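Data from entry.tsv: TSV, C-alpha atoms
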```tsv
chain	number	residue	atom	x	y	z
A	1	MET	CA	57.66	102.57	183.34
A	2	GLU	CA	58.26	99.24	181.60
A	3	GLN	CA	57.81	99.39	177.85
A	4	PRO	CA	55.13	97.12	176.32
A	5	ARG	CA	56.43	94.01	174.59
A	6	TRP	CA	56.88	94.54	170.85
A	7	THR	CA	54.29	92.88	168.60
A	8	ALA	CA	53.33	93.10	164.94
A	9	ASP	CA	50.90	95.87	165.94
A	10	HIS	CA	53.96	98.07	166.58
A	11	ILE	CA	55.13	97.85	162.95
A	12	PRO	CA	55.02	101.41	161.56
A	13	ASP	CA	53.02	102.17	158.42
A	14	GLN	CA	54.97	100.64	155.51
A	15	THR	CA	53.03	102.27	152.68
A	16	GLY	CA	55.37	103.09	149.81
A	17	ARG	CA	58.07	100.65	150.92
A	18	THR	CA	59.13	97.61	148.90
A	19	PHE	CA	60.27	94.37	150.55
A	20	VAL	CA	61.78	91.22	149.07
A	21	VAL	CA	61.07	88.18	151.27
A	22	THR	CA	62.69	84.87	150.31
A	23	GLY	CA	60.81	81.71	151.22
A	24	ALA	CA	57.57	83.65	151.52
A	25	THR	CA	55.09	80.79	151.02
A	26	SER	CA	55.35	79.07	154.40
A	27	GLY	CA	56.46	79.38	158.00
A	28	LEU	CA	58.36	82.51	158.98
A	29	GLY	CA	58.38	83.92	155.44
A	30	LEU	CA	54.62	83.68	155.10
A	31	ALA	CA	54.06	85.22	158.55
A	32	THR	CA	56.46	88.03	157.65
A	33	THR	CA	54.74	88.66	154.32
A	34	ARG	CA	51.29	88.83	155.90
A	35	ALA	CA	52.44	91.22	158.64
A	36	LEU	CA	54.15	93.58	156.20
A	37	ALA	CA	51.20	93.52	153.82
A	38	ARG	CA	48.79	94.37	156.63
A	39	ARG	CA	50.87	97.47	157.34
A	40	GLY	CA	50.77	98.61	153.70
A	41	GLY	CA	54.09	97.21	152.50
A	42	HIS	CA	54.63	96.15	148.90
A	43	VAL	CA	56.03	92.62	149.20
A	44	ILE	CA	57.82	90.69	146.48
A	45	LEU	CA	57.42	87.00	147.31
A	46	ALA	CA	60.67	85.35	146.19
A	47	VAL	CA	59.62	81.69	146.00
A	48	ARG	CA	60.31	78.37	144.34
A	49	ASP	CA	56.62	77.47	143.97
A	50	GLN	CA	54.90	80.28	142.07
A	51	THR	CA	51.53	78.48	142.11
A	52	LYS	CA	51.57	78.43	145.89
A	53	GLY	CA	52.76	82.02	145.93
A	54	ARG	CA	49.88	83.18	143.74
A	55	ARG	CA	47.43	81.28	145.94
A	56	ILE	CA	48.74	83.12	148.99
A	57	ALA	CA	48.53	86.44	147.17
A	58	ALA	CA	44.89	85.69	146.30
A	59	GLU	CA	44.16	85.12	150.01
A	60	LEU	CA	45.23	88.70	150.79
A	61	PRO	CA	42.95	90.83	148.58
A	62	GLY	CA	43.95	94.45	148.43
A	63	ALA	CA	47.55	93.74	149.47
A	64	ARG	CA	50.39	94.79	147.19
A	65	LEU	CA	52.04	91.45	146.50
A	66	ASP	CA	54.12	90.31	143.54
A	67	VAL	CA	55.17	86.69	143.10
A	68	ARG	CA	58.53	85.96	141.48
A	69	HIS	CA	60.36	82.67	141.04
A	70	VAL	CA	63.77	81.98	142.55
A	71	ASP	CA	65.56	78.84	143.69
A	72	LEU	CA	68.13	80.03	146.23
A	73	ALA	CA	70.13	76.82	145.84
A	74	ASP	CA	70.70	77.52	142.13
A	75	LEU	CA	72.96	80.51	141.45
A	76	ASP	CA	71.70	80.77	137.87
A	77	SER	CA	68.15	81.15	139.22
A	78	VAL	CA	69.34	83.83	141.67
A	79	ARG	CA	70.95	85.79	138.84
A	80	ALA	CA	67.80	85.51	136.72
A	81	PHE	CA	65.61	86.69	139.61
A	82	ALA	CA	67.86	89.68	140.27
A	83	GLY	CA	67.84	90.54	136.59
A	84	ARG	CA	64.04	90.58	136.52
A	85	LEU	CA	63.92	92.83	139.57
A	86	HIS	CA	66.29	95.29	137.94
A	87	ALA	CA	64.03	95.40	134.89
A	88	GLU	CA	60.88	95.97	136.98
A	89	TYR	CA	61.90	98.05	140.01
A	90	ALA	CA	63.90	101.21	140.59
A	91	ARG	CA	64.58	100.39	144.23
A	92	VAL	CA	64.16	97.85	147.01
A	93	ASP	CA	63.86	99.13	150.58
A	94	VAL	CA	64.32	95.90	152.55
A	95	LEU	CA	65.65	92.45	151.65
A	96	ILE	CA	64.74	89.70	154.14
A	97	ASN	CA	67.00	86.67	153.63
A	98	ASN	CA	64.62	84.16	155.19
A	99	ALA	CA	64.43	81.02	153.01
A	100	GLY	CA	66.13	77.86	154.15
A	101	VAL	CA	66.33	74.09	154.15
A	102	MET	CA	67.04	71.97	157.21
A	103	ALA	CA	68.79	68.61	157.67
A	104	PRO	CA	68.17	66.88	154.32
A	105	PRO	CA	70.22	63.90	153.17
A	106	ARG	CA	73.48	65.03	151.59
A	107	THR	CA	72.49	66.66	148.32
A	108	LEU	CA	74.39	68.91	145.92
A	109	SER	CA	73.16	72.10	144.29
A	110	PRO	CA	73.27	72.53	140.50
A	111	GLN	CA	76.68	74.19	140.98
A	112	GLY	CA	77.95	71.27	143.10
A	113	HIS	CA	77.70	72.84	146.56
A	114	GLU	CA	76.19	71.12	149.61
A	115	LEU	CA	72.50	72.01	149.50
A	116	GLN	CA	72.12	73.68	152.89
A	117	PHE	CA	75.23	75.81	152.46
A	118	ALA	CA	74.08	76.63	148.91
A	119	CYS	CA	70.49	77.59	149.75
A	120	ASN	CA	70.85	79.05	153.22
A	121	HIS	CA	74.08	80.99	152.69
A	122	LEU	CA	75.46	81.18	149.14
A	123	GLY	CA	72.12	81.99	147.50
A	124	HIS	CA	71.47	84.82	149.95
A	125	PHE	CA	75.04	86.09	149.68
A	126	ALA	CA	74.65	86.26	145.90
A	127	LEU	CA	71.18	87.78	146.04
A	128	THR	CA	72.30	90.52	148.44
A	129	GLY	CA	75.25	91.41	146.24
A	130	LEU	CA	73.14	91.48	143.08
A	131	LEU	CA	70.47	93.70	144.68
A	132	LEU	CA	72.81	96.03	146.53
A	133	ASP	CA	72.38	98.85	144.00
A	134	LEU	CA	68.58	98.65	144.27
A	135	LEU	CA	68.88	98.66	148.05
A	136	SER	CA	71.23	101.64	147.98
A	137	ALA	CA	68.47	103.58	146.21
A	138	GLY	CA	65.93	102.60	148.88
A	139	ASP	CA	64.43	104.51	151.77
A	140	ASP	CA	66.04	103.45	155.08
A	141	PRO	CA	67.39	100.37	153.27
A	142	ARG	CA	68.06	97.22	155.27
A	143	VAL	CA	69.22	93.66	154.73
A	144	VAL	CA	67.87	91.25	157.35
A	145	THR	CA	69.50	87.82	157.37
A	146	VAL	CA	67.81	85.08	159.37
A	147	SER	CA	70.20	82.90	161.36
A	148	SER	CA	69.50	80.49	164.24
A	149	LEU	CA	70.27	79.79	167.86
A	150	ASN	CA	72.22	76.85	166.46
A	151	HIS	CA	74.88	79.15	165.03
A	152	ARG	CA	76.38	79.24	168.52
A	153	LYS	CA	77.14	75.50	168.51
A	154	ALA	CA	78.59	75.41	164.98
A	155	ARG	CA	81.87	75.83	163.19
A	156	ILE	CA	82.65	76.31	159.52
A	157	ASP	CA	84.71	73.41	158.20
A	158	PHE	CA	86.60	75.22	155.47
A	159	ASP	CA	88.48	72.00	154.66
A	160	ASP	CA	85.29	69.96	154.05
A	161	LEU	CA	82.71	72.62	153.34
A	162	HIS	CA	80.44	70.41	151.26
A	163	GLY	CA	80.57	67.28	153.43
A	164	GLU	CA	82.54	65.14	151.00
A	165	ARG	CA	84.52	63.38	153.77
A	166	SER	CA	81.95	63.52	156.56
A	167	TYR	CA	78.33	64.65	156.49
A	168	SER	CA	75.90	65.26	159.35
A	169	PRO	CA	72.51	66.68	158.33
A	170	MET	CA	72.19	68.82	161.47
A	171	GLY	CA	75.89	69.65	161.51
A	172	ALA	CA	75.63	71.01	157.97
A	173	TYR	CA	72.50	72.95	158.93
A	174	ASN	CA	74.26	74.49	161.91
A	175	GLN	CA	77.23	75.37	159.70
A	176	SER	CA	74.94	77.15	157.24
A	177	LYS	CA	73.30	79.12	160.05
A	178	LEU	CA	76.72	80.18	161.36
A	179	ALA	CA	77.56	81.24	157.81
A	180	ASN	CA	74.41	83.41	157.85
A	181	ALA	CA	75.56	85.03	161.09
A	182	VAL	CA	79.12	85.56	159.87
A	183	PHE	CA	77.85	87.02	156.60
A	184	GLY	CA	75.37	89.40	158.25
A	185	HIS	CA	78.01	90.72	160.64
A	186	GLU	CA	80.73	91.00	158.00
A	187	LEU	CA	78.27	92.75	155.66
A	188	HIS	CA	77.53	95.21	158.47
A	189	ARG	CA	81.24	95.87	158.94
A	190	ARG	CA	81.86	96.47	155.23
A	191	LEU	CA	78.77	98.62	154.68
A	192	THR	CA	79.66	100.78	157.68
A	193	ALA	CA	83.29	101.13	156.62
A	194	THR	CA	82.30	102.36	153.17
A	195	GLY	CA	79.57	104.74	154.31
A	196	SER	CA	76.79	102.84	152.55
A	197	PRO	CA	73.23	103.85	153.44
A	198	VAL	CA	72.28	100.15	153.59
A	199	ARG	CA	72.15	98.56	157.04
A	200	SER	CA	72.74	94.88	157.75
A	201	LEU	CA	70.89	93.25	160.65
A	202	LEU	CA	70.43	89.68	161.83
A	203	ALA	CA	67.53	87.86	163.46
A	204	HIS	CA	66.66	84.43	164.75
A	205	PRO	CA	63.20	82.99	165.52
A	206	GLY	CA	64.01	80.89	168.57
A	207	TYR	CA	62.18	77.58	168.42
A	208	THR	CA	59.34	78.06	165.98
A	209	ALA	CA	57.05	75.43	164.50
A	210	THR	CA	57.56	75.39	160.73
A	211	ALA	CA	57.59	72.78	157.99
A	212	LEU	CA	61.40	72.58	158.18
A	213	GLN	CA	61.37	70.20	161.13
A	214	MET	CA	59.11	67.76	159.29
A	215	ARG	CA	61.43	67.66	156.27
A	216	ALA	CA	64.51	66.47	158.15
A	217	SER	CA	66.41	63.57	156.62
A	218	THR	CA	65.68	60.87	159.21
A	219	ALA	CA	62.57	59.65	160.97
A	220	ALA	CA	64.31	60.21	164.32
A	221	LEU	CA	64.93	63.88	163.55
A	222	ARG	CA	61.40	64.35	162.27
A	223	LEU	CA	60.06	62.78	165.46
A	224	LEU	CA	62.33	64.76	167.80
A	225	LEU	CA	62.12	68.15	166.09
A	226	GLY	CA	58.64	68.01	164.61
A	227	ARG	CA	56.23	65.67	166.33
A	228	ILE	CA	57.65	66.10	169.84
A	229	GLY	CA	59.47	69.44	169.83
A	230	ASN	CA	56.93	71.49	167.90
A	231	PRO	CA	53.87	70.85	170.12
A	232	LEU	CA	55.81	71.02	173.40
A	233	LEU	CA	58.29	73.85	172.92
A	234	ALA	CA	57.74	75.73	169.70
A	235	GLN	CA	55.94	79.02	169.20
A	236	ARG	CA	53.72	79.87	166.24
A	237	PRO	CA	55.28	81.32	163.07
A	238	ASP	CA	53.57	84.69	163.57
A	239	GLN	CA	55.37	84.95	166.93
A	240	GLY	CA	58.64	83.51	165.61
A	241	ALA	CA	58.67	86.06	162.79
A	242	LEU	CA	58.69	89.02	165.20
A	243	PRO	CA	62.50	89.30	165.47
A	244	GLN	CA	62.94	89.61	161.71
A	245	LEU	CA	59.98	91.98	161.46
A	246	TYR	CA	61.51	94.12	164.21
A	247	ALA	CA	64.87	94.14	162.41
A	248	ALA	CA	63.16	95.05	159.14
A	249	THR	CA	60.86	97.83	160.39
A	250	ALA	CA	61.51	99.09	163.92
A	251	PRO	CA	62.83	102.68	163.90
A	252	ASP	CA	65.29	101.89	166.71
A	253	ALA	CA	66.72	98.71	165.15
A	254	ALA	CA	70.38	99.53	164.61
A	255	ALA	CA	72.88	98.36	162.02
A	256	GLY	CA	74.63	95.22	163.22
A	257	ASP	CA	71.89	94.24	165.69
A	258	PHE	CA	71.08	90.56	166.21
A	259	ILE	CA	67.43	90.26	167.26
A	260	GLY	CA	65.97	87.17	168.95
A	261	PRO	CA	63.23	86.20	171.43
A	262	ASP	CA	63.46	87.49	175.01
A	263	GLY	CA	62.27	84.29	176.73
A	264	ALA	CA	64.30	81.65	178.56
A	265	GLY	CA	67.09	80.35	176.36
A	266	GLU	CA	65.90	82.66	173.56
A	267	LEU	CA	63.49	79.89	172.54
A	268	ARG	CA	60.37	82.05	172.42
A	269	GLY	CA	59.10	85.50	173.31
A	270	SER	CA	59.20	89.09	172.09
A	271	PRO	CA	62.09	90.67	170.17
A	272	LYS	CA	65.21	91.87	171.94
A	273	ARG	CA	68.89	92.37	171.09
A	274	VAL	CA	70.88	89.18	171.70
A	275	PRO	CA	74.58	88.32	171.36
A	276	LEU	CA	76.28	86.73	168.40
A	277	SER	CA	78.84	84.01	169.00
A	278	ALA	CA	82.52	84.92	169.11
A	279	THR	CA	83.05	83.02	165.86
A	280	ALA	CA	80.35	85.04	164.09
A	281	THR	CA	82.12	88.30	164.90
A	282	ASP	CA	85.69	87.04	164.32
A	283	PRO	CA	87.18	89.29	161.59
A	284	ALA	CA	89.40	86.49	160.28
A	285	VAL	CA	86.45	84.12	159.87
A	286	GLY	CA	84.39	86.90	158.29
A	287	SER	CA	87.06	87.78	155.76
A	288	ARG	CA	87.74	84.14	154.89
A	289	LEU	CA	84.06	83.29	154.40
A	290	TRP	CA	83.49	86.46	152.35
A	291	ASP	CA	86.39	85.71	150.00
A	292	LEU	CA	85.29	82.10	149.64
A	293	SER	CA	81.68	83.11	148.98
A	294	GLU	CA	82.77	85.55	146.27
A	295	HIS	CA	84.80	82.76	144.69
A	296	LEU	CA	81.99	80.18	144.83
A	297	THR	CA	79.26	82.54	143.57
A	298	GLY	CA	81.24	84.77	141.23
A	299	ILE	CA	79.54	87.78	142.86
A	300	ARG	CA	81.51	90.88	143.87
A	301	PHE	CA	79.73	93.45	146.00
A	302	ALA	CA	79.66	96.92	144.43
A	303	LEU	CA	80.79	98.78	147.53
A	304	PRO	CA	82.42	102.22	147.30
A	305	ALA	CA	85.99	102.68	148.36
A	306	THR	CA	86.52	103.03	152.10
A	307	ARG	CA	86.38	106.64	153.24
```

Would you mind giving the structure from this file in structure tokens?
Amino acid sequence: MEQPRWTADHIPDQTGRTFVVTGATSGLGLATTRALARRGGHVILAVRDQTKGRRIAAELPGARLDVRHVDLADLDSVRAFAGRLHAEYARVDVLINNAGVMAPPRTLSPQGHELQFACNHLGHFALTGLLLDLLSAGDDPRVVTVSSLNHRKARIDFDDLHGERSYSPMGAYNQSKLANAVFGHELHRRLTATGSPVRSLLAHPGYTATALQMRASTAALRLLLGRIGNPLLAQRPDQGALPQLYAATAPDAAAGDFIGPDGAGELRGSPKRVPLSATATDPAVGSRLWDLSEHLTGIRFALPATR
């Protein structure tokens, strides 16, 4: 008999489990936070706008929600956030690396990195490394990194990583989403090799209507992605969040899985396992990006020696 399509109603009881969700005040992050809270999860909203975060928390009376400030594009802010979590919590069960920016004009982070690469990849790389000890103490601990369909059309330009010679807003976005995919897979490989209890999974939302499309750098992109694409093709955030919710909570979600929608072109639908690109699983690319990310962030992952 065909199994019913997975929905948020299938999320097991999450009472007693602690989640960190980056970018939790809008779009996929907000939908993820609401779904986890409804199932009893304790959610730490890792957000840039604490006022907005507190307003969202007030809209969910009875939910266990904590609002904490972090700017993923600023590595100093990431370190400060991780330090506060270590002072307040003994463990984290699930980290959902969800926050992102999409197609802005070329902008540099406080550390001088291209903004999309800094926020979407480097900030999450650093945050994962800084919280790895709290995750290792968790119950069925998982790291879920949100990538994109666009990772399959991208490459990482290691010779012009920050767009100094040539910058395309969407090209840099696609590069950052490939970096997410490479990181999630390489993290899975390293965690498995060292016998860590932490599992790394990846997810993508298909084509989901969020505020990202309306913040693109040009009017043409905002028109194409937001005003035309969103109404015609996109699914709602509560549907688009299902792949990352599945990766974060489903008992049968396995380490290394990439979860996306099951519809045509993986644009919309219910969660299913989908393939990563060949580049995302290339060990040479994974090792090179990992070494570079450690260099750019100054973060070394506290992984035990390989068994």

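If all atoms listed in the file are the atoms counted, then among A:Trp6, A:Ala154, A:Arg106, A:Ala99 the closest residue to A:Gly260 is A:Trp6.
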
Closest to A:Leu127 among A:Leu292, A:Ala255, A:Val47, A:Ala82, using all atoms listed in the file? A:Ala82

I want to know what sits within 8 Å of A:Thr281, based on only C-alpha atoms, with residues of the same chain fewer than 4 positions away left out; could you give that as a PDB file with C-alpha atoms, in the frame of the given file?
```pdb
ATOM      1  CA  VAL A 182      79.120  85.560 159.870  1.00  0.00           C
ATOM      2  CA  HIS A 185      78.010  90.720 160.640  1.00  0.00           C
ATOM      3  CA  GLU A 186      80.730  91.000 158.000  1.00  0.00           C
ATOM      4  CA  LEU A 276      76.280  86.730 168.400  1.00  0.00           C
ATOM      5  CA  SER A 277      78.840  84.010 169.000  1.00  0.00           C
ATOM      6  CA  VAL A 285      86.450  84.120 159.870  1.00  0.00           C
ATOM      7  CA  GLY A 286      84.390  86.900 158.290  1.00  0.00           C
TER       8      GLY A 286
END
```

From the list A:Phe158, A:Tyr173, A:Phe258, A:Phe183, which residue is nearest A:Pro275 when using only C-alpha atoms? A:Phe258

Among A:Thr194, A:Asn120, A:Thr107, A:Asn98, A:Ala302 is approached most closely, using all atoms listed in the file, by A:Thr194

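In this model, the gap between atom CA of A:Val94 and atom CA of A:Pro205 comes to 18.3 Å.
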
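Across A:Ala63, A:Leu303, A:Leu149, A:Leu233, the tightest approach to A:Leu132 is made by A:Leu303 when counting all atoms listed in the file.
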
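Picture a line from atom CA of A:Gly206 to atom CA of A:Arg273; it runs 12.7 Å.
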
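Going from atom CA of A:Arg64 over to atom CA of A:Asp238, you cover 19.5 Å.
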
Spatial sel., origin (76.3, 76.4, 155.6), limit 12 Å, only C-alpha atoms, listed as a ChimeraX atom specification: /A:73,100-103,113-125,147-148,150-151,154-158,160-163,167-183,289,293

Nearest-residue call for A:Phe301, choices A:Leu72, A:Leu95, A:Ile56, A:Leu187, using only C-alpha atoms: A:Leu187

12 Å contact set for A:Pro261, all atoms listed in the file, chain neighbours under 6 positions out, as a ChimeraX atom specification: /A:5-7,148-149,203-208,234-235,239-246,267-275

Counting all atoms listed in the file, what is within 10 Å of A:Asp49, bar same-chain residues fewer than 5 positions away, as number ranges by chain? A: 23-25, 54, 67-71

Just to be explicit: take each residue in the selection above, keep C-alpha atoms, and write the result as a short mmCIF file (atom, residue, chain, number, x, y, z; two decimals), in the coordinates of the input.
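Resulting contents of out_34.cif:
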```cif
data_model
loop_
_atom_site.label_atom_id
_atom_site.label_comp_id
_atom_site.auth_asym_id
_atom_site.auth_seq_id
_atom_site.Cartn_x
_atom_site.Cartn_y
_atom_site.Cartn_z
CA GLY A 23 60.81 81.71 151.22
CA ALA A 24 57.57 83.65 151.52
CA THR A 25 55.09 80.79 151.02
CA ARG A 54 49.88 83.18 143.74
CA VAL A 67 55.17 86.69 143.10
CA ARG A 68 58.53 85.96 141.48
CA HIS A 69 60.36 82.67 141.04
CA VAL A 70 63.77 81.98 142.55
CA ASP A 71 65.56 78.84 143.69
#
```
